[in-house]
$ cat final09.cif   # mmCIF, C-alpha atoms
data_structure
loop_
_atom_site.label_atom_id
_atom_site.label_comp_id
_atom_site.auth_asym_id
_atom_site.auth_seq_id
_atom_site.Cartn_x
_atom_site.Cartn_y
_atom_site.Cartn_z
CA MET A 1164 93.04 -6.47 23.71
CA GLN A 1165 93.75 -9.54 21.70
CA THR A 1166 92.55 -10.14 18.19
CA ALA A 1167 93.18 -12.58 15.38
CA GLY A 1168 96.23 -14.72 16.17
CA GLY A 1169 94.82 -16.40 19.25
CA LEU A 1170 91.29 -17.71 18.96
CA SER A 1171 90.49 -16.94 22.56
CA ALA A 1172 89.94 -13.31 23.28
CA CYS A 1173 87.99 -10.90 25.37
CA LEU A 1174 86.94 -7.85 23.42
CA PRO A 1175 85.35 -4.75 24.91
CA ILE A 1176 82.10 -3.50 23.40
CA THR A 1177 81.85 0.18 24.12
CA SER A 1178 81.45 1.86 20.75
CA ASP A 1179 80.43 1.32 17.14
CA LEU A 1180 84.08 0.84 16.35
CA ASP A 1181 84.31 -2.09 18.77
CA LEU A 1182 81.57 -3.84 16.80
CA VAL A 1183 83.90 -3.85 13.82
CA TRP A 1184 86.57 -5.54 15.95
CA VAL A 1185 84.09 -8.11 17.20
CA ARG A 1186 82.98 -8.99 13.66
CA GLN A 1187 86.53 -9.20 12.37
CA HIS A 1188 87.70 -11.33 15.26
CA VAL A 1189 84.79 -13.76 14.98
CA ARG A 1190 85.24 -14.01 11.22
CA GLN A 1191 88.95 -14.72 11.52
CA ALA A 1192 88.49 -17.18 14.37
CA ALA A 1193 85.74 -19.03 12.49
CA ALA A 1194 87.80 -19.17 9.31
CA GLN A 1195 90.77 -20.46 11.27
CA LEU A 1196 88.68 -23.24 12.81
CA GLY A 1197 87.52 -24.31 9.37
CA PHE A 1198 83.98 -22.91 9.25
CA GLY A 1199 82.58 -22.74 5.72
CA LEU A 1200 81.73 -19.39 4.18
CA VAL A 1201 78.01 -19.62 4.95
CA ALA A 1202 78.64 -20.77 8.53
CA GLN A 1203 81.16 -17.95 8.99
CA THR A 1204 78.72 -15.38 7.71
CA LYS A 1205 75.94 -16.68 9.95
CA LEU A 1206 78.10 -16.63 13.05
CA VAL A 1207 79.51 -13.19 12.29
CA THR A 1208 76.03 -11.83 11.70
CA ALA A 1209 74.78 -13.34 14.96
CA ALA A 1210 77.79 -11.84 16.76
CA SER A 1211 77.05 -8.49 15.18
CA GLU A 1212 73.43 -8.57 16.38
CA LEU A 1213 74.34 -9.65 19.90
CA ALA A 1214 77.22 -7.20 20.21
CA ARG A 1215 74.95 -4.39 19.11
CA ASN A 1216 72.39 -5.46 21.73
CA THR A 1217 75.15 -5.37 24.33
CA LEU A 1218 76.07 -1.87 23.22
CA VAL A 1219 72.61 -0.37 22.69
CA HIS A 1220 70.53 -2.09 25.39
CA GLY A 1221 73.21 -3.10 27.87
CA GLY A 1222 75.12 0.16 27.70
CA GLY A 1223 78.29 -1.63 26.69
CA GLY A 1224 80.02 -4.77 27.89
CA GLN A 1225 82.29 -7.38 26.45
CA MET A 1226 82.51 -10.43 24.26
CA GLU A 1227 84.48 -13.51 25.18
CA CYS A 1228 85.46 -15.77 22.36
CA ALA A 1229 86.68 -19.33 22.98
CA PRO A 1230 87.24 -22.34 20.77
CA VAL A 1231 85.43 -25.45 21.96
CA ASN A 1232 85.65 -29.09 21.12
CA ARG A 1233 82.90 -31.63 21.60
CA GLY A 1234 83.38 -35.19 20.50
CA GLY A 1235 86.09 -34.17 18.08
CA VAL A 1236 83.95 -31.51 16.44
CA ARG A 1237 85.41 -28.07 16.68
CA GLY A 1238 83.34 -25.03 17.37
CA LEU A 1239 83.37 -21.49 18.63
CA ARG A 1240 81.66 -20.20 21.72
CA LEU A 1241 80.88 -16.52 22.12
CA THR A 1242 79.74 -14.96 25.37
CA PHE A 1243 78.31 -11.47 25.39
CA SER A 1244 77.85 -9.88 28.77
CA ASP A 1245 76.76 -6.51 30.01
CA GLU A 1246 75.72 -4.98 33.29
CA GLY A 1247 72.81 -3.07 31.88
CA PRO A 1248 69.18 -2.98 32.99
CA GLY A 1249 68.59 -6.62 32.01
CA ILE A 1250 65.52 -8.10 30.36
CA ALA A 1251 62.29 -8.55 32.29
CA ASP A 1252 60.39 -10.71 29.81
CA LEU A 1253 62.74 -13.03 27.94
CA ASP A 1254 60.01 -14.66 25.84
CA GLN A 1255 58.86 -11.28 24.63
CA ALA A 1256 62.41 -10.18 23.88
CA LEU A 1257 63.02 -13.28 21.79
CA ARG A 1258 59.85 -12.83 19.79
CA ASP A 1259 60.39 -11.52 16.28
CA GLY A 1260 59.30 -7.98 15.75
CA TYR A 1261 59.46 -7.01 19.40
CA THR A 1262 61.75 -4.08 19.96
CA SER A 1263 62.37 -1.71 22.80
CA ALA A 1264 64.49 0.59 20.68
CA GLU A 1265 64.06 1.52 17.05
CA GLY A 1266 65.35 -1.64 15.44
CA LEU A 1267 63.56 -4.21 13.36
CA GLY A 1268 63.17 -6.39 16.40
CA MET A 1269 64.89 -9.29 14.69
CA GLY A 1270 68.18 -9.13 16.58
CA LEU A 1271 67.79 -11.62 19.42
CA GLY A 1272 65.47 -14.06 17.68
CA GLY A 1273 67.44 -13.78 14.45
CA ALA A 1274 70.72 -14.43 16.23
CA ARG A 1275 69.21 -17.53 17.84
CA ARG A 1276 68.35 -18.93 14.42
CA LEU A 1277 71.84 -18.25 13.11
CA VAL A 1278 73.72 -20.34 15.69
CA HIS A 1279 73.58 -23.93 16.85
CA GLU A 1280 73.30 -23.23 20.55
CA PHE A 1281 71.81 -20.23 22.24
CA ASP A 1282 71.53 -19.43 25.91
CA ILE A 1283 70.42 -16.24 27.55
CA ASP A 1284 70.60 -15.31 31.20
CA SER A 1285 69.07 -12.09 32.30
CA SER A 1286 66.86 -10.49 34.87
CA PRO A 1287 66.12 -6.87 35.69
CA GLY A 1288 69.03 -5.13 37.37
CA ARG A 1289 71.45 -8.01 36.89
CA GLY A 1290 72.56 -7.36 33.36
CA THR A 1291 72.42 -9.80 30.49
CA THR A 1292 74.66 -12.64 29.39
CA VAL A 1293 74.11 -14.34 26.06
CA THR A 1294 76.15 -17.41 25.18
CA VAL A 1295 76.08 -18.86 21.69
CA ALA A 1296 78.01 -21.67 20.07
CA SER A 1297 78.34 -22.98 16.56
CA TRP A 1298 80.14 -26.03 15.23
CA VAL A 1299 82.23 -26.54 12.16
CA SER A 1300 80.15 -29.45 10.90
CA ALA A 1301 76.64 -30.60 11.79
CA PRO A 1302 76.09 -30.17 15.51
CA PRO A 1303 76.74 -33.30 17.57
CA ARG A 1304 73.32 -32.97 19.13
CA PRO A 1305 70.19 -32.85 16.98
CA ARG A 1306 69.31 -29.27 16.51
CA GLU A 1307 66.10 -27.93 17.90
CA GLU A 1308 63.83 -27.14 15.00
CA ARG A 1309 62.43 -23.68 14.93
CA MET B 183 130.47 29.95 44.33
CA SER B 184 133.07 28.51 46.63
CA GLU B 185 131.07 29.79 49.59
CA GLN B 186 128.06 27.89 48.43
CA GLU B 187 130.13 24.81 48.04
CA ALA B 188 131.29 25.07 51.58
CA GLU B 189 127.72 25.41 52.78
CA GLY B 190 126.67 22.35 50.78
CA HIS B 191 124.99 23.73 47.61
CA GLN B 192 122.01 25.67 48.76
CA VAL B 193 120.93 26.13 45.16
CA ALA B 194 118.97 23.10 43.96
CA PRO B 195 120.42 21.36 40.89
CA ALA B 196 117.28 22.18 38.89
CA GLN B 197 117.68 25.86 39.65
CA GLU B 198 121.34 25.72 38.80
CA VAL B 199 120.58 24.03 35.47
CA GLY B 200 117.96 26.73 34.80
CA ASP B 201 120.49 29.47 35.46
CA PHE B 202 123.05 27.72 33.30
CA LEU B 203 120.60 27.39 30.39
CA ARG B 204 119.65 31.05 30.57
CA LEU B 205 123.27 32.15 30.79
CA ARG B 206 124.47 29.92 27.95
CA ARG B 207 121.39 30.37 25.80
CA GLU B 208 123.26 31.73 22.79
CA GLN B 209 126.02 29.13 22.78
CA ILE B 210 123.53 26.26 23.10
CA ALA B 211 121.31 27.64 20.35
CA GLN B 212 124.36 27.96 18.08
CA ARG B 213 125.34 24.38 18.71
CA TRP B 214 121.81 23.09 18.22
CA ALA B 215 121.52 24.89 14.91
CA ASP B 216 123.99 22.31 13.60
CA ALA B 217 122.09 19.35 15.05
CA ALA B 218 120.06 17.26 12.62
CA LEU B 219 116.71 18.16 14.11
CA PHE B 220 117.09 21.90 13.51
CA ARG B 221 119.45 21.87 10.54
CA THR B 222 117.17 19.72 8.39
CA VAL B 223 114.00 21.66 9.20
CA PHE B 224 115.24 25.23 9.07
CA THR B 225 117.01 25.02 5.77
CA VAL B 226 116.49 28.56 4.59
CA SER B 227 118.82 30.28 6.98
CA ARG B 228 120.90 29.29 9.92
CA ASP B 229 119.54 32.26 11.85
CA GLU B 230 116.12 30.65 11.85
CA ALA B 231 117.55 27.48 13.31
CA VAL B 232 119.36 29.48 15.99
CA GLU B 233 116.16 31.39 16.72
CA ALA B 234 114.21 28.14 17.10
CA GLY B 235 116.90 26.64 19.29
CA ARG B 236 116.94 29.73 21.48
CA ALA B 237 113.20 29.46 22.07
CA VAL B 238 113.57 25.84 23.13
CA VAL B 239 116.46 26.65 25.49
CA GLU B 240 114.41 29.43 27.07
CA ALA B 241 111.50 27.06 27.54
CA LEU B 242 113.79 24.48 29.16
CA ALA B 243 115.24 27.16 31.43
CA ALA B 244 111.75 28.15 32.54
CA VAL B 245 110.82 24.52 33.24
CA ALA B 246 114.04 24.01 35.22
CA ALA B 247 113.49 27.21 37.19
CA ALA B 248 110.01 25.98 38.09
CA GLU B 249 111.70 22.72 39.23
CA ARG B 250 109.36 20.61 37.09
CA LEU B 251 112.07 18.68 35.30
CA GLU B 252 109.97 15.56 34.83
CA ASP B 253 106.67 17.20 33.91
CA PRO B 254 105.90 17.29 30.17
CA GLU B 255 102.86 19.44 31.02
CA ALA B 256 105.01 22.14 32.65
CA ASP B 257 103.99 25.66 31.64
CA GLY B 258 107.40 26.34 30.18
CA PHE B 259 106.84 23.85 27.39
CA ASN B 260 103.57 25.44 26.27
CA VAL B 261 105.46 28.31 24.64
CA VAL B 262 107.36 25.99 22.33
CA ARG B 263 104.91 23.13 21.98
CA ASP B 264 103.58 24.41 18.65
CA GLN B 265 107.04 25.02 17.32
CA LEU B 266 108.20 21.56 18.40
CA ALA B 267 105.09 20.01 16.87
CA ARG B 268 105.77 21.71 13.55
CA THR B 269 109.42 20.71 13.64
CA ALA B 270 108.60 17.09 14.44
CA ALA B 271 105.81 17.00 11.86
CA SER B 272 108.21 18.32 9.26
CA ARG B 273 110.69 15.55 10.06
CA SER B 274 107.87 13.05 10.00
CA ARG B 275 106.75 14.22 6.56
CA ALA B 276 110.33 13.90 5.37
CA GLY B 277 110.07 10.20 6.18
CA SER B 278 111.56 9.94 9.66
CA THR B 279 109.96 7.42 12.00
CA ASN B 280 108.97 8.42 15.50
CA SER B 281 111.99 6.67 16.97
CA GLN B 282 114.34 8.40 14.54
CA ILE B 283 112.89 11.75 15.55
CA SER B 284 113.25 10.74 19.17
CA THR B 285 116.92 9.96 18.54
CA GLU B 286 117.37 13.33 16.90
CA VAL B 287 115.91 15.06 19.94
CA ASP B 288 118.22 13.01 22.12
CA ALA B 289 121.17 14.21 20.03
CA LEU B 290 120.54 17.71 21.41
CA ARG B 291 121.65 16.54 24.84
CA PRO B 292 125.41 15.91 24.48
CA PRO B 293 126.38 19.45 23.36
CA VAL B 294 124.51 20.96 26.33
CA LEU B 295 125.96 18.45 28.77
CA GLU B 296 129.43 19.25 27.50
CA LEU B 297 128.92 22.95 28.15
CA LEU B 298 127.45 22.29 31.57
CA VAL B 299 130.35 20.10 32.65
CA ALA B 300 132.83 22.70 31.39
CA ASP B 301 131.03 25.44 33.32
CA LEU B 302 130.98 23.45 36.51
CA SER B 303 134.56 22.22 36.26
CA ALA B 304 135.51 24.23 39.31
CA ARG B 305 132.87 22.54 41.44
CA GLY B 306 132.85 19.31 43.34
CA GLU B 307 132.26 16.02 41.58
CA GLU B 308 129.07 15.37 43.51
CA HIS B 309 127.60 18.67 42.43
CA VAL B 310 128.50 18.12 38.80
CA ARG B 311 126.79 14.76 38.88
CA GLU B 312 123.62 16.18 40.39
CA CYS B 313 123.45 18.89 37.77
CA THR B 314 124.13 16.62 34.81
CA THR B 315 121.47 14.22 36.09
CA ALA B 316 118.99 17.08 36.33
CA LEU B 317 119.80 18.18 32.80
CA THR B 318 119.49 14.64 31.48
CA VAL B 319 116.08 14.28 33.07
CA LEU B 320 115.03 17.61 31.58
CA MET B 321 116.18 16.62 28.10
CA GLY B 322 114.32 13.34 28.47
CA THR B 323 111.16 15.28 29.23
CA LEU B 324 111.74 17.40 26.12
CA ARG B 325 111.93 14.20 24.15
CA MET B 326 108.63 13.08 25.60
CA VAL B 327 107.01 16.41 24.73
CA VAL B 328 108.12 16.05 21.11
CA LEU B 329 106.88 12.46 20.91
CA GLU B 330 103.55 13.47 22.41
CA THR B 331 103.06 16.08 19.71
CA LEU B 332 103.76 13.41 17.11
CA LEU B 333 101.20 11.02 18.60
CA THR B 334 98.58 13.75 18.85
CA ALA B 335 99.21 14.67 15.25
CA GLY B 336 98.77 10.99 14.32
CA GLN B 337 95.42 10.81 16.09
CA GLU B 338 94.23 13.99 14.42
CA LEU B 339 95.25 12.54 11.08
CA ILE B 340 93.28 9.36 11.72
CA GLU B 341 90.21 11.35 12.73
CA ARG B 342 90.51 13.49 9.61
CA GLN B 343 90.91 10.44 7.40
CA ARG B 344 87.90 8.80 9.03
CA LEU B 345 85.80 11.79 8.02
CA GLN B 346 87.29 11.77 4.55
CA LEU B 347 86.48 8.09 4.20
CA LEU B 348 82.88 8.87 5.05
CA GLU B 349 82.71 11.11 2.00
CA VAL B 350 84.95 9.21 -0.36
CA ALA B 351 83.50 5.77 0.21
CA THR B 352 80.08 6.65 -1.15
CA PRO B 353 80.40 7.78 -4.74
CA VAL B 354 77.20 7.80 -6.76
CA ILE B 355 77.91 6.62 -10.28
CA LYS B 356 75.76 7.42 -13.26
CA LEU B 357 75.56 4.16 -15.22
CA TRP B 358 73.15 5.27 -17.91
CA GLU B 359 70.71 8.01 -18.58
CA GLY B 360 68.35 7.83 -15.61
CA ILE B 361 70.24 5.06 -13.81
CA VAL B 362 72.55 5.72 -10.84
CA ALA B 363 74.43 3.22 -8.69
CA VAL B 364 76.15 3.29 -5.30
CA PRO B 365 78.74 0.60 -4.65
CA LEU B 366 78.67 0.17 -0.88
CA ILE B 367 81.91 -0.92 0.72
CA GLY B 368 82.81 -1.92 4.25
CA THR B 369 80.86 -1.36 7.42
CA LEU B 370 77.50 0.34 7.08
CA ASP B 371 77.36 2.02 10.46
CA SER B 372 74.68 4.60 10.97
CA ALA B 373 76.92 7.55 10.08
CA ARG B 374 77.95 5.97 6.79
CA SER B 375 74.46 4.89 5.84
CA GLN B 376 73.17 8.39 6.51
CA VAL B 377 75.75 9.78 4.09
CA VAL B 378 74.84 7.10 1.54
CA MET B 379 71.17 7.96 1.72
CA GLU B 380 71.79 11.68 1.38
CA THR B 381 74.16 11.44 -1.57
CA LEU B 382 71.90 8.93 -3.32
CA LEU B 383 68.77 11.05 -2.90
CA ASP B 384 70.65 14.14 -4.06
CA SER B 385 71.89 12.40 -7.18
CA ILE B 386 68.43 11.02 -7.97
CA VAL B 387 67.25 14.62 -8.21
CA GLU B 388 70.36 15.80 -10.04
CA GLN B 389 70.46 13.02 -12.60
CA HIS B 390 66.69 12.75 -12.99
CA ALA B 391 67.22 9.10 -12.19
CA ARG B 392 64.36 6.65 -12.36
CA PHE B 393 66.49 3.76 -11.14
CA ALA B 394 68.93 3.63 -8.26
CA ILE B 395 71.10 0.57 -7.71
CA LEU B 396 72.56 -0.17 -4.27
CA ASP B 397 75.36 -2.66 -4.71
CA ILE B 398 76.35 -4.44 -1.50
CA THR B 399 79.07 -6.71 -2.94
CA GLY B 400 81.60 -4.94 -0.72
CA VAL B 401 79.59 -5.18 2.49
CA PRO B 402 80.93 -8.16 4.49
CA THR B 403 78.08 -8.46 7.00
CA VAL B 404 74.39 -7.75 6.55
CA ASP B 405 72.73 -7.84 9.95
CA SER B 406 69.34 -6.48 10.89
CA LEU B 407 70.65 -2.92 11.29
CA VAL B 408 72.28 -2.90 7.87
CA ALA B 409 69.11 -4.40 6.38
CA GLN B 410 67.07 -1.73 8.08
CA HIS B 411 69.32 0.99 6.64
CA LEU B 412 68.92 -0.53 3.19
CA MET B 413 65.16 -0.68 3.50
CA LYS B 414 64.98 2.92 4.67
CA THR B 415 67.11 4.06 1.76
CA VAL B 416 64.96 2.10 -0.68
CA ALA B 417 61.78 3.58 0.81
CA ALA B 418 63.16 7.11 0.64
CA ALA B 419 64.22 6.66 -3.01
CA ARG B 420 60.78 5.30 -3.83
CA LEU B 421 59.17 8.39 -2.31
CA MET B 422 61.20 10.43 -4.73
CA GLY B 423 59.90 8.46 -7.65
CA ALA B 424 62.91 6.27 -8.24
CA GLU B 425 62.90 2.51 -8.19
CA CYS B 426 65.65 1.07 -6.01
CA ILE B 427 67.39 -2.20 -6.75
CA VAL B 428 69.70 -3.91 -4.25
CA SER B 429 72.37 -5.95 -6.00
CA GLY B 430 75.46 -7.93 -5.09
CA ILE B 431 73.80 -10.24 -2.57
CA ARG B 432 76.17 -13.17 -2.19
CA PRO B 433 74.84 -16.67 -1.44
CA ALA B 434 76.13 -16.65 2.14
CA ILE B 435 74.53 -13.28 2.78
CA ALA B 436 71.24 -14.42 1.24
CA GLN B 437 71.08 -17.49 3.51
CA THR B 438 71.96 -15.40 6.52
CA ILE B 439 69.22 -12.87 5.78
CA VAL B 440 66.68 -15.70 5.52
CA HIS B 441 67.75 -17.21 8.87
CA LEU B 442 67.78 -13.80 10.46
CA GLY B 443 64.13 -13.55 9.48
CA ILE B 444 64.37 -10.27 7.64
CA ASP B 445 61.74 -9.82 4.98
CA LEU B 446 63.24 -8.07 2.00
CA GLY B 447 60.18 -8.92 -0.06
CA THR B 448 59.37 -5.28 -0.62
CA VAL B 449 62.83 -4.64 -1.99
CA MET B 450 63.76 -5.38 -5.59
CA THR B 451 66.94 -7.46 -5.52
CA ARG B 452 69.30 -8.84 -8.14
CA ALA B 453 72.32 -11.11 -7.73
CA SER B 454 74.80 -8.86 -9.50
CA LEU B 455 75.20 -5.27 -10.54
CA ALA B 456 75.08 -6.40 -14.17
CA ASP B 457 71.67 -8.03 -13.65
CA ALA B 458 70.39 -4.93 -11.94
CA LEU B 459 71.60 -2.72 -14.79
CA ALA B 460 70.09 -5.02 -17.39
CA TYR B 461 66.78 -4.95 -15.54
CA ALA B 462 66.80 -1.16 -15.30
CA LEU B 463 67.67 -0.78 -18.96
CA ARG B 464 64.90 -3.12 -20.01
CA GLN B 465 62.42 -1.21 -17.90
CA GLN B 466 63.47 1.92 -19.73
CA GLY B 467 62.90 0.27 -23.08
CA ALA B 468 66.58 -0.19 -23.88
CA ASP B 469 67.90 -3.64 -24.62
CA ILE B 470 71.45 -4.91 -24.84
CA VAL B 471 72.17 -7.17 -27.80
CA ALA B 472 75.47 -8.69 -28.82
CA HIS B 473 77.02 -7.01 -31.80
CA VAL B 474 77.94 -9.67 -34.35
CA PRO B 475 80.51 -8.47 -36.90
CA ASP B 476 80.13 -9.73 -40.48
CA GLY B 477 81.60 -13.13 -40.99
CA ALA B 478 82.33 -13.82 -37.35
CA GLY B 479 80.11 -16.26 -35.56
CA PRO B 480 78.79 -15.58 -32.08
CA ARG B 481 81.32 -16.35 -29.41
#
$ encode --input "final09.cif" --output "structure tokens"
Amino acid sequence: MQTAGGLSACLPITSDLDLVWVRQHVRQAAAQLGFGLVAQTKLVTAASELARNTLVHGGGGQMECAPVNRGGVRGLRLTFSDEGPGIADLDQALRDGYTSAEGLGMGLGGARRLVHEFDIDSSPGRGTTVTVASWVSAPPRPREER
Amino acid sequence: MSEQEAEGHQVAPAQEVGDFLRLRREQIAQRWADAALFRTVFTVSRDEAVEAGRAVVEALAAVAAAERLEDPEADGFNVVRDQLARTAASRSRAGSTNSQISTEVDALRPPVLELLVADLSARGEEHVRECTTALTVLMGTLRMVVLETLLTAGQELIERQRLQLLEVATPVIKLWEGIVAVPLIGTLDSARSQVVMETLLDSIVEQHARFAILDITGVPTVDSLVAQHLMKTVAAARLMGAECIVSGIRPAIAQTIVHLGIDLGTVMTRASLADALAYALRQQGADIVAHVPDGAGPR
């Protein structure tokens, strides 16, 4: 397992303790790339939500963290993947207040609002992969208003 | 002996080492009593050190006799595992690092090797080499056994400290008559938040508190789960007749909560612990005014 130091890393998500590693790694990577405090906090919070989804709904998985560069703007891409039951109705899952467990139901939708780019790939039996990206300064592409 | 030689050592080296250890038990134990590992731990009397050394030699002899030279799980070690663990732990407490302890265990080898070589001096060179190799392997396994006990002890320590942290990290502070506060620090996983809620509710009863302040200055990330824990704690405190105030919400956290879409509208919040205390005091009819000494203007 690799943390801090290198920005790229693949962290396992198999327990509550791993969530702490995920948050710390994302925070350090974001700080290193030059994210402001608010942007850092948003990204870390999104990572925390998604990692917990991976753990609780996906039965554990991993997070890949990679620095990205688009048109000279630096950013961080996080990929959360699990091989759990997958999500049958993505629209429903993204809707605020919908929850299959006991949470507030804000995790997925909330995480989407906290990052610049959000992509989810899932279907029943195939597991779930969520990829998010945020940029140090304003995103190069106009952001979709939600 | 010479017959065996002629027939090409029918006795396996491991067996021979086992026999040697049993035979020379006393001499080895005496020599080990002077080695750092035993001398520094058994300081009360040398007899204790010899006794401890003897037990280890016997264990090694049993392992050798069972021909499990390379197996740290061999039954023979079980007898002395506790003793070795205590010895190593004692060295560890005295400030030795794991590698220093490992070196001290390794220092037990030369005196035994010396004896073995002397005992086998009448035998062929080949045989001596086989036996010394066997003994070296065995002593290496002993070293591993000792290191394993150290690592296990380290893990147990971490687990114990984790539990301690659970208790320690959630002190409930009485700020004023009827006002208690909990400064939350670090990760609010479900185990921690459960402890927070319990200690807070207990102290509300104990202190007859009408106000409870949850300060989250030390919480680095507030995601939906943490928010949910906070809301549950606030609701539980309210059921007990206390008003709960969440303080220490930093600007970055506030913006994040808004984007996350969490509605904390039902929760009384204040930017800092001081604001929360001032609010609670005012609600109780107390007011804080600056004391202006005679002659001195307000600062």
$ resolve_selection --input "final09.cif" --expression "the PyMOL selection byres ((chain B and resi 258-275) around 6)" --output "list in words"
Ala241, Ala244, Val245, Ala256, Asp257, Ala276, Gly277, Ser278 and Thr331 of chain B
$ closest_atom_pairs --input "final09.cif" --of "chain B" --to "chain A" --cutoff "8 Å" --atoms "all atoms listed in the file" --output "Markdown table"
| residue | atom | partner | partner_atom | distance |
| --- | --- | --- | --- | --- |
| B:Thr369 | CA | A:Val1183 | CA | 7.5 |
| B:Asp371 | CA | A:Asp1179 | CA | 7.4 |
| B:Thr403 | CA | A:Thr1208 | CA | 6.1 |
| B:Val404 | CA | A:Thr1208 | CA | 6.8 |
| B:Asp405 | CA | A:Thr1208 | CA | 5.5 |
| B:Ser406 | CA | A:Gly1270 | CA | 6.4 |
| B:Leu407 | CA | A:Gly1266 | CA | 6.9 |
| B:Gln410 | CA | A:Leu1267 | CA | 6.8 |
| B:Pro433 | CA | A:Val1201 | CA | 7.7 |
| B:Ala434 | CA | A:Val1201 | CA | 4.5 |
| B:Ile435 | CA | A:Thr1204 | CA | 6.8 |
| B:Gln437 | CA | A:Val1201 | CA | 7.4 |
| B:Thr438 | CA | A:Lys1205 | CA | 5.4 |
| B:His441 | CA | A:Arg1276 | CA | 5.8 |
| B:Leu442 | CA | A:Gly1273 | CA | 4.0 |
| B:Gly443 | CA | A:Gly1273 | CA | 6.0 |
| B:Ile444 | CA | A:Met1269 | CA | 7.1 |
$ write_last_selection --input "final09.cif" --atoms "C-alpha atoms" --output "mmCIF file, in the frame of the given file"
data_model
loop_
_atom_site.group_PDB
_atom_site.id
_atom_site.type_symbol
_atom_site.label_atom_id
_atom_site.label_comp_id
_atom_site.auth_asym_id
_atom_site.auth_seq_id
_atom_site.Cartn_x
_atom_site.Cartn_y
_atom_site.Cartn_z
ATOM 1 C CA THR B 369 80.860 -1.360 7.420
ATOM 2 C CA ASP B 371 77.360 2.020 10.460
ATOM 3 C CA THR B 403 78.080 -8.460 7.000
ATOM 4 C CA VAL B 404 74.390 -7.750 6.550
ATOM 5 C CA ASP B 405 72.730 -7.840 9.950
ATOM 6 C CA SER B 406 69.340 -6.480 10.890
ATOM 7 C CA LEU B 407 70.650 -2.920 11.290
ATOM 8 C CA GLN B 410 67.070 -1.730 8.080
ATOM 9 C CA PRO B 433 74.840 -16.670 -1.440
ATOM 10 C CA ALA B 434 76.130 -16.650 2.140
ATOM 11 C CA ILE B 435 74.530 -13.280 2.780
ATOM 12 C CA GLN B 437 71.080 -17.490 3.510
ATOM 13 C CA THR B 438 71.960 -15.400 6.520
ATOM 14 C CA HIS B 441 67.750 -17.210 8.870
ATOM 15 C CA LEU B 442 67.780 -13.800 10.460
ATOM 16 C CA GLY B 443 64.130 -13.550 9.480
ATOM 17 C CA ILE B 444 64.370 -10.270 7.640
#
$ closest_residue --input "final09.cif" --among "A:Met1226, A:Leu1174, A:Val1231, A:Ile1283" --to "Asp1254 of chain A" --atoms "only C-alpha atoms"
A:Ile1283
$ residues_around --input "final09.cif" --residues "Lys414 of chain B" --least-positions-apart "3" --cutoff "12 Å" --atoms "all atoms listed in the file" --output "VMD selection string"
(chain A and resid 1266 to 1267) or (chain B and resid 372 375 to 376 378 to 380 383 407 to 411 417 to 421 426 446 448 to 449)
$ resolve_selection --input "final09.cif" --expression "the PyMOL selection byres ((chain A and resi 1295) around 6)" --output "list in words"
Arg1240, Leu1241, Glu1280, Phe1281, Thr1294 and Ala1296 of chain A
$ atom_distance --input "final09.cif" --atom1 "atom CA of Gly1249 of chain A" --atom2 "atom CA of His1220 of chain A"
8.3 Å
